[in-house]
file query.pdb (PDB, C-alpha atoms)
MODEL        1
ATOM      1  CA  ASN A   1     -18.619  15.784  21.200  1.00  0.00           C
ATOM      2  CA  GLU A   2     -20.978  15.667  18.280  1.00  0.00           C
ATOM      3  CA  SER A   3     -20.137  13.497  15.315  1.00  0.00           C
ATOM      4  CA  ARG A   4     -20.473  14.008  11.591  1.00  0.00           C
ATOM      5  CA  ILE A   5     -20.190  11.706   8.622  1.00  0.00           C
ATOM      6  CA  ILE A   6     -17.104  11.959   6.411  1.00  0.00           C
ATOM      7  CA  MET A   7     -15.499   9.812   3.709  1.00  0.00           C
ATOM      8  CA  CYS A   8     -12.904   7.151   4.574  1.00  0.00           C
ATOM      9  CA  LYS A   9      -9.341   8.478   4.204  1.00  0.00           C
ATOM     10  CA  VAL A  10      -8.275   5.587   1.945  1.00  0.00           C
ATOM     11  CA  THR A  11      -8.051   7.399  -1.380  1.00  0.00           C
ATOM     12  CA  TRP A  12     -10.007   4.772  -3.339  1.00  0.00           C
ATOM     13  CA  CYS A  13     -12.663   4.008  -0.725  1.00  0.00           C
ATOM     14  CA  ASN A  14     -16.045   5.658  -1.072  1.00  0.00           C
ATOM     15  CA  SER A  15     -17.394   4.500   2.289  1.00  0.00           C
ATOM     16  CA  GLU A  16     -18.616   6.890   4.921  1.00  0.00           C
ATOM     17  CA  THR A  17     -17.511   6.867   8.540  1.00  0.00           C
ATOM     18  CA  GLU A  18     -18.177   8.859  11.682  1.00  0.00           C
ATOM     19  CA  TYR A  19     -15.831  11.669  12.654  1.00  0.00           C
ATOM     20  CA  TYR A  20     -15.925  12.665  16.324  1.00  0.00           C
ATOM     21  CA  ASN A  21     -13.239  15.235  17.016  1.00  0.00           C
ATOM     22  CA  LYS A  22     -10.157  16.966  15.666  1.00  0.00           C
ATOM     23  CA  SER A  23      -7.826  14.583  17.501  1.00  0.00           C
ATOM     24  CA  GLN A  24      -8.801  11.851  15.013  1.00  0.00           C
ATOM     25  CA  LYS A  25      -6.007  12.491  12.541  1.00  0.00           C
ATOM     26  CA  TYR A  26      -6.823   9.567  10.238  1.00  0.00           C
ATOM     27  CA  VAL A  27     -10.424   8.435   9.956  1.00  0.00           C
ATOM     28  CA  TYR A  28     -11.286   5.172   8.237  1.00  0.00           C
ATOM     29  CA  CYS A  29     -14.396   3.181   7.473  1.00  0.00           C
ATOM     30  CA  PRO A  30     -15.083  -0.017   9.441  1.00  0.00           C
ATOM     31  CA  THR A  31     -13.439  -2.135   6.729  1.00  0.00           C
ATOM     32  CA  HIS A  32     -10.177  -0.191   6.656  1.00  0.00           C
ATOM     33  CA  ILE A  33      -9.925   0.441  10.396  1.00  0.00           C
ATOM     34  CA  GLN A  34      -9.475  -3.310  10.928  1.00  0.00           C
ATOM     35  CA  TYR A  35      -6.294  -3.198   8.808  1.00  0.00           C
ATOM     36  CA  LYS A  36      -4.400  -1.603  11.691  1.00  0.00           C
ATOM     37  CA  LYS A  37      -3.670  -5.082  13.042  1.00  0.00           C
ATOM     38  CA  TYR A  38      -1.736  -5.881   9.859  1.00  0.00           C
ATOM     39  CA  ALA A  39       0.252  -2.675   9.418  1.00  0.00           C
ATOM     40  CA  SER A  40       0.055   0.107  11.957  1.00  0.00           C
ATOM     41  CA  ASN A  41       1.833   2.582   9.648  1.00  0.00           C
ATOM     42  CA  ALA A  42      -0.417   1.868   6.657  1.00  0.00           C
ATOM     43  CA  TYR A  43      -2.710   4.723   7.632  1.00  0.00           C
ATOM     44  CA  THR A  44      -0.244   7.369   6.546  1.00  0.00           C
ATOM     45  CA  ARG A  45       0.891   5.530   3.423  1.00  0.00           C
ATOM     46  CA  PRO A  46      -1.871   4.613   0.944  1.00  0.00           C
ATOM     47  CA  HIS A  47       0.277   2.118  -0.956  1.00  0.00           C
ATOM     48  CA  LEU A  48       0.560   0.031   2.208  1.00  0.00           C
ATOM     49  CA  MET A  49      -3.237  -0.111   2.398  1.00  0.00           C
ATOM     50  CA  TYR A  50      -3.080  -1.744  -1.038  1.00  0.00           C
ATOM     51  CA  LYS A  51      -0.681  -4.367   0.333  1.00  0.00           C
ATOM     52  CA  VAL A  52      -2.882  -4.981   3.375  1.00  0.00           C
ATOM     53  CA  GLU A  53      -5.904  -5.427   1.096  1.00  0.00           C
ATOM     54  CA  LYS A  54      -3.919  -8.057  -0.823  1.00  0.00           C
ATOM     55  CA  VAL A  55      -3.117  -9.832   2.466  1.00  0.00           C
ATOM     56  CA  VAL A  56      -6.732  -9.723   3.677  1.00  0.00           C
ATOM     57  CA  ASN A  57      -8.023 -10.973   0.303  1.00  0.00           C
ATOM     58  CA  GLY A  58      -5.424 -13.770   0.102  1.00  0.00           C
ATOM     59  CA  GLU A  59      -3.854 -12.291  -3.054  1.00  0.00           C
ATOM     60  CA  LEU A  60      -0.187 -12.292  -2.042  1.00  0.00           C
ATOM     61  CA  LYS A  61       1.437 -13.088  -5.387  1.00  0.00           C
ATOM     62  CA  CYS A  62       3.933 -11.128  -7.418  1.00  0.00           C
ATOM     63  CA  GLU A  63       2.069  -9.290 -10.149  1.00  0.00           C
ATOM     64  CA  GLY A  64       5.264  -9.368 -12.216  1.00  0.00           C
ATOM     65  CA  CYS A  65       6.438 -12.991 -12.238  1.00  0.00           C
ATOM     66  CA  GLY A  66       3.663 -14.761 -10.317  1.00  0.00           C
ATOM     67  CA  TYR A  67       5.908 -15.786  -7.410  1.00  0.00           C
ATOM     68  CA  ASP A  68       3.812 -17.123  -4.530  1.00  0.00           C
ATOM     69  CA  ALA A  69       5.888 -17.126  -1.344  1.00  0.00           C
ATOM     70  CA  LYS A  70       3.211 -19.119   0.520  1.00  0.00           C
ATOM     71  CA  VAL A  71       4.041 -22.110  -1.695  1.00  0.00           C
ATOM     72  CA  PHE A  72       7.739 -21.989  -0.795  1.00  0.00           C
ATOM     73  CA  HIS A  73       7.265 -21.022   2.859  1.00  0.00           C
ATOM     74  CA  PRO A  74       3.951 -22.606   3.943  1.00  0.00           C
ATOM     75  CA  ASN A  75       4.750 -22.569   7.662  1.00  0.00           C
ATOM     76  CA  ARG A  76       5.706 -18.906   7.904  1.00  0.00           C
ATOM     77  CA  PRO A  77       3.302 -16.362   9.427  1.00  0.00           C
ATOM     78  CA  ILE A  78       1.513 -14.178   6.870  1.00  0.00           C
ATOM     79  CA  LYS A  79       3.249 -11.042   8.183  1.00  0.00           C
ATOM     80  CA  GLN A  80       6.639 -12.554   7.274  1.00  0.00           C
ATOM     81  CA  ILE A  81       5.328 -13.639   3.865  1.00  0.00           C
ATOM     82  CA  ALA A  82       3.983 -10.130   3.206  1.00  0.00           C
ATOM     83  CA  GLY A  83       7.439  -8.722   3.929  1.00  0.00           C
ATOM     84  CA  LEU A  84       8.753 -10.521   0.851  1.00  0.00           C
ATOM     85  CA  TYR A  85       6.716  -8.202  -1.378  1.00  0.00           C
ATOM     86  CA  ASP A  86       6.842  -4.495  -2.177  1.00  0.00           C
ATOM     87  CA  VAL A  87       4.143  -2.210  -3.510  1.00  0.00           C
ATOM     88  CA  ASP A  88       5.417  -0.522  -6.644  1.00  0.00           C
ATOM     89  CA  HIS A  89       3.985   2.568  -8.298  1.00  0.00           C
ATOM     90  CA  ILE A  90       3.483   1.591 -11.942  1.00  0.00           C
ATOM     91  CA  ASP A  91       3.890   5.234 -12.976  1.00  0.00           C
ATOM     92  CA  SER A  92       6.444   6.498 -10.480  1.00  0.00           C
ATOM     93  CA  ASN A  93       6.090  10.076 -11.775  1.00  0.00           C
ATOM     94  CA  SER A  94       2.594  10.277 -10.282  1.00  0.00           C
ATOM     95  CA  LYS A  95       3.637   9.326  -6.733  1.00  0.00           C
ATOM     96  CA  HIS A  96       2.142  11.507  -4.009  1.00  0.00           C
ATOM     97  CA  THR A  97      -0.728  12.706  -6.201  1.00  0.00           C
ATOM     98  CA  LEU A  98      -4.354  11.657  -5.837  1.00  0.00           C
ATOM     99  CA  GLU A  99      -4.218   9.929  -9.237  1.00  0.00           C
ATOM    100  CA  GLY A 100      -0.948   8.195  -8.394  1.00  0.00           C
ATOM    101  CA  GLU A 101      -2.134   6.844  -5.071  1.00  0.00           C
ATOM    102  CA  GLN A 102      -4.873   4.628  -6.500  1.00  0.00           C
ATOM    103  CA  PRO A 103      -4.948   0.820  -6.861  1.00  0.00           C
ATOM    104  CA  GLU A 104      -4.695   1.188 -10.650  1.00  0.00           C
ATOM    105  CA  ASN A 105      -1.203   2.635 -10.177  1.00  0.00           C
ATOM    106  CA  TYR A 106       0.003  -0.016  -7.724  1.00  0.00           C
ATOM    107  CA  GLN A 107       1.357  -3.478  -8.276  1.00  0.00           C
ATOM    108  CA  LEU A 108       2.568  -6.002  -5.750  1.00  0.00           C
ATOM    109  CA  LEU A 109       6.037  -7.181  -6.732  1.00  0.00           C
ATOM    110  CA  CYS A 110       8.454  -9.653  -5.195  1.00  0.00           C
ATOM    111  CA  LYS A 111      11.738  -8.063  -4.124  1.00  0.00           C
ATOM    112  CA  GLN A 112      13.539  -9.343  -7.239  1.00  0.00           C
ATOM    113  CA  CYS A 113      10.997  -7.926  -9.702  1.00  0.00           C
ATOM    114  CA  HIS A 114      10.934  -4.616  -7.833  1.00  0.00           C
ATOM    115  CA  ILE A 115      14.715  -4.257  -7.919  1.00  0.00           C
ATOM    116  CA  LEU A 116      14.875  -5.137 -11.620  1.00  0.00           C
ATOM    117  CA  LYS A 117      12.082  -2.655 -12.450  1.00  0.00           C
ATOM    118  CA  SER A 118      13.947   0.010 -10.490  1.00  0.00           C
ATOM    119  CA  TYR A 119      17.109  -0.686 -12.500  1.00  0.00           C
ATOM    120  CA  ASP A 120      15.128  -0.521 -15.750  1.00  0.00           C
ATOM    121  CA  GLU A 121      13.710   2.860 -14.733  1.00  0.00           C
ATOM    122  CA  GLY A 122      17.114   4.218 -13.722  1.00  0.00           C
ATOM    123  CA  ASP A 123      16.260   4.555 -10.037  1.00  0.00           C
ATOM    124  CA  PHE A 124      19.813   3.579  -9.067  1.00  0.00           C
ATOM    125  CA  ASP A 125      21.372   6.144 -11.434  1.00  0.00           C
ATOM    126  CA  LYS A 126      22.717   8.939  -9.208  1.00  0.00           C
ATOM    127  CA  THR A 127      22.586  11.420 -12.101  1.00  0.00           C
ATOM    128  CA  LYS A 128      18.837  10.819 -12.612  1.00  0.00           C
ATOM    129  CA  LYS A 129      17.940  12.864  -9.534  1.00  0.00           C
ATOM    130  CA  ASN A 130      19.958  15.792 -10.860  1.00  0.00           C
ATOM    131  CA  ARG A 131      18.077  15.752 -14.185  1.00  0.00           C
ATOM    132  CA  LYS A 132      14.652  16.402 -12.677  1.00  0.00           C
TER
ENDMDL
END
call {"tool": "encode", "arguments": {"input": "query.pdb", "output": "structure tokens"}}
result
Amino acid sequence: NESRIIMCKVTWCNSETEYYNKSQKYVYCPTHIQYKKYASNAYTRPHLMYKVEKVVNGELKCEGCGYDAKVFHPNRPIKQIAGLYDVDHIDSNSKHTLEGEQPENYQLLCKQCHILKSYDEGDFDKTKKNRK
């Protein structure tokens, strides 16, 4: 099979990578391919790549309240610590668009901040879905 150069599938990455055949559904640059060991399903969900980047860069803190789970649970594995955080779309109306799936539209929130933001935005209001 002959290869060709294509762009990494992470929406905000501008790195090139080699593409070998059509069976390669998701093609990532050398930096992002290593993230598979942190979250195998991150490849199909760009917001999880954001979370993995935070893990790799040692930036696991709530961007809402500043909560740092590593301080309270220093002996826990990083995968467990990462599970205490969610990636939130700042503008939830732009989810699933190229603009909405960029780091500028993501924030890492602890579970409490994420739930409270969801309440503030009416995400738990059953009538909200009917108004769209």
call {"tool": "resolve_selection", "arguments": {"input": "query.pdb", "expression": "the PyMOL selection byres ((chain A and resi 106) around 12)", "output": "compact mmCIF listing (two decimals) with C-alpha atoms, in the frame of the given file"}}
result
# COMPACT_ATOMS: atom_id res chain seq x y z
CA TRP A 12 -10.01 4.77 -3.34
CA PRO A 46 -1.87 4.61 0.94
CA HIS A 47 0.28 2.12 -0.96
CA LEU A 48 0.56 0.03 2.21
CA MET A 49 -3.24 -0.11 2.40
CA TYR A 50 -3.08 -1.74 -1.04
CA LYS A 51 -0.68 -4.37 0.33
CA GLU A 53 -5.90 -5.43 1.10
CA LYS A 54 -3.92 -8.06 -0.82
CA CYS A 62 3.93 -11.13 -7.42
CA GLU A 63 2.07 -9.29 -10.15
CA GLY A 64 5.26 -9.37 -12.22
CA ASP A 86 6.84 -4.50 -2.18
CA VAL A 87 4.14 -2.21 -3.51
CA ASP A 88 5.42 -0.52 -6.64
CA HIS A 89 3.98 2.57 -8.30
CA ILE A 90 3.48 1.59 -11.94
CA ASP A 91 3.89 5.23 -12.98
CA SER A 92 6.44 6.50 -10.48
CA SER A 94 2.59 10.28 -10.28
CA LYS A 95 3.64 9.33 -6.73
CA GLU A 99 -4.22 9.93 -9.24
CA GLY A 100 -0.95 8.20 -8.39
CA GLU A 101 -2.13 6.84 -5.07
CA GLN A 102 -4.87 4.63 -6.50
CA PRO A 103 -4.95 0.82 -6.86
CA GLU A 104 -4.70 1.19 -10.65
CA ASN A 105 -1.20 2.64 -10.18
CA GLN A 107 1.36 -3.48 -8.28
CA LEU A 108 2.57 -6.00 -5.75
CA LEU A 109 6.04 -7.18 -6.73
CA HIS A 114 10.93 -4.62 -7.83
call {"tool": "atom_distance", "arguments": {"input": "query.pdb", "atom1": "atom CA of A:Gln80", "atom2": "atom CA of A:Tyr35"}}
result
16.0 Å
call {"tool": "residues_around", "arguments": {"input": "query.pdb", "residues": "A:Val27", "least_positions_apart": "4", "cutoff": "9 Å", "atoms": "all atoms listed in the file", "output": "VMD selection string"}}
result
chain A and resid 6 to 10 17 to 19 33 43
call {"tool": "closest_residue", "arguments": {"input": "query.pdb", "among": "A:Val56, A:Leu84, A:Lys117, A:Asp123", "to": "A:Gln34", "atoms": "all atoms listed in the file"}}
result
A:Val56
call {"tool": "residues_around", "arguments": {"input": "query.pdb", "residues": "A:Ile78", "least_positions_apart": "6", "cutoff": "10 Å", "atoms": "all atoms listed in the file", "output": "number ranges by chain"}}
result
A: 38, 55-56, 58, 60, 69-70
call {"tool": "atom_distance", "arguments": {"input": "query.pdb", "atom1": "atom CA of A:Gly83", "atom2": "atom CA of A:Lys36"}}
result
15.8 Å
call {"tool": "atom_distance", "arguments": {"input": "query.pdb", "atom1": "atom CA of A:Ile81", "atom2": "atom CA of A:Cys65"}}
result
16.2 Å
call {"tool": "closest_residue", "arguments": {"input": "query.pdb", "among": "A:Phe72, A:Cys29, A:Tyr85, A:Asp125", "to": "A:Val52", "atoms": "all atoms listed in the file"}}
result
A:Tyr85
call {"tool": "closest_residue", "arguments": {"input": "query.pdb", "among": "A:Lys79, A:Asn93, A:His73, A:Tyr67", "to": "A:Gln112", "atoms": "only C-alpha atoms"}}
result
A:Tyr67
call {"tool": "build_atoms", "arguments": {"input": "query.pdb", "residues": "stretch 79-100 of chain A", "atoms": "N, CA, C and O atoms", "output": "compact mmCIF listing (two decimals), in the frame of the given file"}}
result
# COMPACT_ATOMS: atom_id res chain seq x y z
N LYS A 79 2.53 -12.32 8.08
CA LYS A 79 3.25 -11.04 8.18
C LYS A 79 4.66 -11.18 7.61
O LYS A 79 5.16 -10.28 6.95
N GLN A 80 5.32 -12.31 7.84
CA GLN A 80 6.64 -12.55 7.27
C GLN A 80 6.54 -12.72 5.76
O GLN A 80 7.38 -12.20 5.02
N ILE A 81 5.53 -13.45 5.30
CA ILE A 81 5.33 -13.64 3.86
C ILE A 81 5.09 -12.29 3.19
O ILE A 81 5.66 -11.99 2.14
N ALA A 82 4.28 -11.45 3.79
CA ALA A 82 3.98 -10.13 3.21
C ALA A 82 5.24 -9.28 3.08
O ALA A 82 5.37 -8.49 2.14
N GLY A 83 6.19 -9.47 3.97
CA GLY A 83 7.44 -8.72 3.93
C GLY A 83 8.31 -9.06 2.73
O GLY A 83 9.27 -8.33 2.43
N LEU A 84 7.99 -10.13 2.04
CA LEU A 84 8.75 -10.52 0.85
C LEU A 84 8.29 -9.79 -0.40
O LEU A 84 8.83 -10.00 -1.49
N TYR A 85 7.29 -8.94 -0.25
CA TYR A 85 6.72 -8.20 -1.38
C TYR A 85 6.79 -6.70 -1.13
O TYR A 85 6.72 -6.24 0.00
N ASP A 86 6.87 -5.95 -2.22
CA ASP A 86 6.84 -4.50 -2.18
C ASP A 86 5.67 -4.01 -3.02
O ASP A 86 5.29 -4.67 -3.99
N VAL A 87 5.14 -2.86 -2.66
CA VAL A 87 4.14 -2.21 -3.51
C VAL A 87 4.89 -1.22 -4.38
O VAL A 87 5.61 -0.36 -3.89
N ASP A 88 4.74 -1.37 -5.67
CA ASP A 88 5.42 -0.52 -6.64
C ASP A 88 4.41 0.40 -7.30
O ASP A 88 3.29 -0.02 -7.60
N HIS A 89 4.80 1.65 -7.51
CA HIS A 89 3.98 2.57 -8.30
C HIS A 89 4.29 2.28 -9.77
O HIS A 89 5.44 2.39 -10.19
N ILE A 90 3.29 1.90 -10.52
CA ILE A 90 3.48 1.59 -11.94
C ILE A 90 4.03 2.82 -12.66
O ILE A 90 5.01 2.74 -13.39
N ASP A 91 3.39 3.96 -12.45
CA ASP A 91 3.89 5.23 -12.98
C ASP A 91 4.49 5.99 -11.80
O ASP A 91 3.79 6.64 -11.04
N SER A 92 5.80 5.89 -11.65
CA SER A 92 6.44 6.50 -10.48
C SER A 92 6.43 8.03 -10.53
O SER A 92 6.61 8.67 -9.50
N ASN A 93 6.16 8.61 -11.68
CA ASN A 93 6.09 10.08 -11.78
C ASN A 93 4.83 10.64 -11.12
O ASN A 93 4.77 11.83 -10.84
N SER A 94 3.84 9.78 -10.89
CA SER A 94 2.59 10.28 -10.28
C SER A 94 2.51 9.98 -8.78
O SER A 94 1.46 10.16 -8.17
N LYS A 95 3.62 9.55 -8.19
CA LYS A 95 3.64 9.33 -6.73
C LYS A 95 3.22 10.59 -6.01
O LYS A 95 3.51 11.70 -6.45
N HIS A 96 2.56 10.41 -4.89
CA HIS A 96 2.14 11.51 -4.01
C HIS A 96 1.10 12.44 -4.63
O HIS A 96 0.95 13.56 -4.19
N THR A 97 0.42 11.97 -5.66
CA THR A 97 -0.73 12.71 -6.20
C THR A 97 -1.96 11.84 -5.99
O THR A 97 -1.84 10.62 -5.81
N LEU A 98 -3.13 12.44 -6.03
CA LEU A 98 -4.35 11.66 -5.84
C LEU A 98 -4.47 10.57 -6.91
O LEU A 98 -4.80 9.43 -6.61
N GLU A 99 -4.15 10.91 -8.15
CA GLU A 99 -4.22 9.93 -9.24
C GLU A 99 -3.19 8.82 -9.05
O GLU A 99 -3.43 7.67 -9.38
N GLY A 100 -2.03 9.17 -8.56
CA GLY A 100 -0.95 8.20 -8.39
C GLY A 100 -1.10 7.28 -7.21
O GLY A 100 -0.45 6.23 -7.14
